[in-house]
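All remarks here apply to the structure that follows.
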Amino acid sequence: MFDSMKDQIRKMINPAKDVLILVDVQNDFLPGGALAVPDGDQILPAIEAIAPLFSNIVLTQDWHPAGHSSFASAHPGKVPFETFEAPYGTQVLWPDHCVIGSEGARLRIDPYTRQRAQMIVRKGFRPDVDSYSAFLENDKKTLTGLAGFMRDRGVERAFFAGLATDFCVGFSAIDARRMGFGAVLLDQACRGISSEGVEARKAEMRDAGVQMLE
């Protein structure tokens with residue numbers, strides 16, 4: 001299973017210069033979670049299959065304080081999936097999810113892959129700004145430190161898998177390109193919230209120069 005994807009990755013990767021970034025593989029984004037991505041659990045065996053191919057692995061983790069400004073519950077009269085105007089622009093309001101220290105925030109990465117990860121990027125922990133991208137928070141100026149980590153390690157390209165294609169995975173891949181890194185979307189190891197959103201985000205990724213491995 002996933003042999004074709006694994007063969008393509010093997011032909012592409014340079015172990016010293018490539019990194020696998022596993023985006024927000026957490027309980028709250030999997031079936032039964034507070035903000036479940038449809039069929040999100042289907043990426044778990046794909047990740048387990050491809051992770052051993054990489055020498056460099058980074059995990060990202062949504063990590064929100066209770067009452068975060070991106071939660072609909074923090075805005076009286078608002079409901080999930082409405083929007084509000086934050087100081088940095090239009091922000092989608094979400095159900096409470098991935099609250100710091102909660103079971104919903106726990107990473108669902110197999111033990112072997114988790115032990116081999118060199119960095120966990122926790123994002124969205126500032127109460128007043130959400131963070132989709134692994135590189136930049138939604139204000140588009142607050143860095144997570146991931147770009148510096150990659151440059152210091154001599155990493156030039158990132159392969160992306162995780163949840164969700166139309167939000168955190170897509171924004172991360174686009175920001176990787178904006179920061180001068182190569183970016184590859186591992187489509188079989190990602191799932192999105194909506195098919196329309198996925199297709200729109202993929203178009204943006206292609207325009208940004210993200211390579212699609214489907």
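Here's how to read the names in the structure tokens: chain A, B, ... by the order shown, residue numbers from 1 in each chain, ligand numbers from 1 in the order shown.
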
task: Fewer than 2 positions away in the same chain doesn't count, so skip those; otherwise give me all residues within 12 Å of stretch 41-47 of chain A, counting only C-alpha atoms, as a ChimeraX atom specification.
output: /A:1-6,20-33,36-39,49-54,57,59,107-114,159-165,186-192

message: as a list in words, please: the residues near A:Phe81 (cut-off 12 Å, only C-alpha atoms, same-chain neighbours under 3 positions excluded).
response: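 The residues satisfying every condition are Leu35, Ser70, Phe71, Ala72, Ser73, Lys78, Phe84, Thr90, Gln91, Val92, Leu93, Trp94, Pro95, Asp96 and Ile193 of chain A.
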
For N, CA, C and O atoms, I'd like the residues from the last selection saved as a PDB file, in the first residue's frame.
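After the write, result.pdb holds the following:
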ATOM      1  N   LEU A  35     -13.157  19.226  15.809  1.00  0.00           N
ATOM      2  CA  LEU A  35     -13.127  19.858  14.490  1.00  0.00           C
ATOM      3  C   LEU A  35     -12.625  18.824  13.484  1.00  0.00           C
ATOM      4  O   LEU A  35     -11.610  18.999  12.815  1.00  0.00           O
ATOM      5  N   SER A  70     -10.031  32.874  18.193  1.00  0.00           N
ATOM      6  CA  SER A  70     -10.566  32.211  16.999  1.00  0.00           C
ATOM      7  C   SER A  70     -11.708  31.256  17.323  1.00  0.00           C
ATOM      8  O   SER A  70     -12.290  30.658  16.411  1.00  0.00           O
ATOM      9  N   PHE A  71     -12.055  31.110  18.594  1.00  0.00           N
ATOM     10  CA  PHE A  71     -13.158  30.241  18.993  1.00  0.00           C
ATOM     11  C   PHE A  71     -14.473  31.027  18.936  1.00  0.00           C
ATOM     12  O   PHE A  71     -14.570  32.135  19.483  1.00  0.00           O
ATOM     13  N   ALA A  72     -15.486  30.435  18.331  1.00  0.00           N
ATOM     14  CA  ALA A  72     -16.794  31.086  18.297  1.00  0.00           C
ATOM     15  C   ALA A  72     -17.307  31.347  19.707  1.00  0.00           C
ATOM     16  O   ALA A  72     -17.978  32.362  19.952  1.00  0.00           O
ATOM     17  N   SER A  73     -16.972  30.471  20.641  1.00  0.00           N
ATOM     18  CA  SER A  73     -17.453  30.623  22.012  1.00  0.00           C
ATOM     19  C   SER A  73     -16.922  31.883  22.691  1.00  0.00           C
ATOM     20  O   SER A  73     -17.472  32.324  23.709  1.00  0.00           O
ATOM     21  N   LYS A  78     -22.030  34.665  18.178  1.00  0.00           N
ATOM     22  CA  LYS A  78     -21.424  34.051  16.997  1.00  0.00           C
ATOM     23  C   LYS A  78     -21.497  32.526  17.100  1.00  0.00           C
ATOM     24  O   LYS A  78     -21.548  31.955  18.203  1.00  0.00           O
ATOM     25  N   PHE A  84     -15.171  36.926  11.815  1.00  0.00           N
ATOM     26  CA  PHE A  84     -15.127  38.250  12.426  1.00  0.00           C
ATOM     27  C   PHE A  84     -13.878  38.949  11.923  1.00  0.00           C
ATOM     28  O   PHE A  84     -12.954  38.319  11.397  1.00  0.00           O
ATOM     29  N   THR A  90      -9.818  39.100   8.143  1.00  0.00           N
ATOM     30  CA  THR A  90     -10.977  38.251   8.376  1.00  0.00           C
ATOM     31  C   THR A  90     -10.545  36.900   8.945  1.00  0.00           C
ATOM     32  O   THR A  90      -9.666  36.240   8.401  1.00  0.00           O
ATOM     33  N   GLN A  91     -11.174  36.515  10.041  1.00  0.00           N
ATOM     34  CA  GLN A  91     -10.824  35.289  10.747  1.00  0.00           C
ATOM     35  C   GLN A  91     -12.050  34.387  10.845  1.00  0.00           C
ATOM     36  O   GLN A  91     -13.116  34.818  11.282  1.00  0.00           O
ATOM     37  N   VAL A  92     -11.900  33.135  10.415  1.00  0.00           N
ATOM     38  CA  VAL A  92     -12.958  32.151  10.619  1.00  0.00           C
ATOM     39  C   VAL A  92     -13.046  31.811  12.103  1.00  0.00           C
ATOM     40  O   VAL A  92     -12.027  31.702  12.788  1.00  0.00           O
ATOM     41  N   LEU A  93     -14.268  31.652  12.586  1.00  0.00           N
ATOM     42  CA  LEU A  93     -14.488  31.240  13.971  1.00  0.00           C
ATOM     43  C   LEU A  93     -14.716  29.726  14.026  1.00  0.00           C
ATOM     44  O   LEU A  93     -15.529  29.193  13.264  1.00  0.00           O
ATOM     45  N   TRP A  94     -14.016  29.069  14.916  1.00  0.00           N
ATOM     46  CA  TRP A  94     -14.023  27.619  14.972  1.00  0.00           C
ATOM     47  C   TRP A  94     -14.665  27.124  16.277  1.00  0.00           C
ATOM     48  O   TRP A  94     -14.705  27.856  17.267  1.00  0.00           O
ATOM     49  N   PRO A  95     -15.118  25.882  16.287  1.00  0.00           N
ATOM     50  CA  PRO A  95     -15.450  25.272  17.586  1.00  0.00           C
ATOM     51  C   PRO A  95     -14.182  25.227  18.448  1.00  0.00           C
ATOM     52  O   PRO A  95     -13.065  25.181  17.916  1.00  0.00           O
ATOM     53  N   ASP A  96     -14.351  25.244  19.755  1.00  0.00           N
ATOM     54  CA  ASP A  96     -13.189  25.093  20.640  1.00  0.00           C
ATOM     55  C   ASP A  96     -12.459  23.800  20.267  1.00  0.00           C
ATOM     56  O   ASP A  96     -13.082  22.731  20.170  1.00  0.00           O
ATOM     57  N   ILE A 193     -11.101  19.848   4.538  1.00  0.00           N
ATOM     58  CA  ILE A 193     -12.419  20.042   5.144  1.00  0.00           C
ATOM     59  C   ILE A 193     -13.522  19.970   4.101  1.00  0.00           C
ATOM     60  O   ILE A 193     -14.566  19.353   4.312  1.00  0.00           O
TER      61      ILE A 193
END

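Comparing A:Cys168, A:Arg177, A:Thr60, A:Gly67 by their smallest distance to A:Met119, the closest is A:Thr60 (using only C-alpha atoms).
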
message: So that I can see what lies close to stretch 146-156 of chain A, please list as a PyMOL selection string the residues with an atom at most 9 Å from it, counting only C-alpha atoms and leaving out residues fewer than 4 positions away in the same chain.
response: chain A and resi 16-19+56+58+119+121+134-136+176+179-183

DSSP strand (DSSP E or B) residues within chain A, listed as a VMD selection string: chain A and resid 18 to 23 26 57 to 62 64 71 83 to 86 89 to 92 94 99 107 119 to 123 136 143 157 to 163 182 to 191 211 to 213

- request: Could you pull out the residues in stretch 13-123 of chain A that DSSP calls helix (DSSP H, G or I) from the backbone, as a ChimeraX atom specification?
  value: /A:27-29,40-53,72-74,111-116

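Our summary of the geometry notes that atom CA of A:Ser195 is positioned 28.5 Å from atom CA of A:Thr144.
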
message: Restricting the calculation to only C-alpha atoms: of A:Lys123, A:Ala34, A:Ser102, A:Ala200, which residue gets closest to A:Pro80?
response: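 Nearest candidate to A:Pro80 out of A:Lys123, A:Ala34, A:Ser102, A:Ala200: A:Ala34.
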
query: Interatomic distance between atom CA of A:Val198 and atom CA of A:Asp166?
result: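 Going from atom CA of A:Val198 over to atom CA of A:Asp166, I get 4.6 Å.
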
field: Polymer residues at most 8 Å from A:Ser69, only C-alpha atoms, same-chain spacing of 4 or more positions, as a list in words
entry: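 Here the answer would be Ala74, His75, Pro127, Asp128, Val129 and Asp130 of chain A.
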
- request: Might you pull out every residue within 10 Å of A:Asn138, with only C-alpha atoms counted and same-chain residues fewer than 4 positions away left off, and present them as a PyMOL selection string?
  value: chain A and resi 86+88-91+124+129-133+142-143+171

- request: Can you work out the spacing between atom CA of A:Ala66 and atom CA of A:Arg122 in Å, to one decimal?
  value: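 Atom CA of A:Arg122 lies 15.1 Å from atom CA of A:Ala66.
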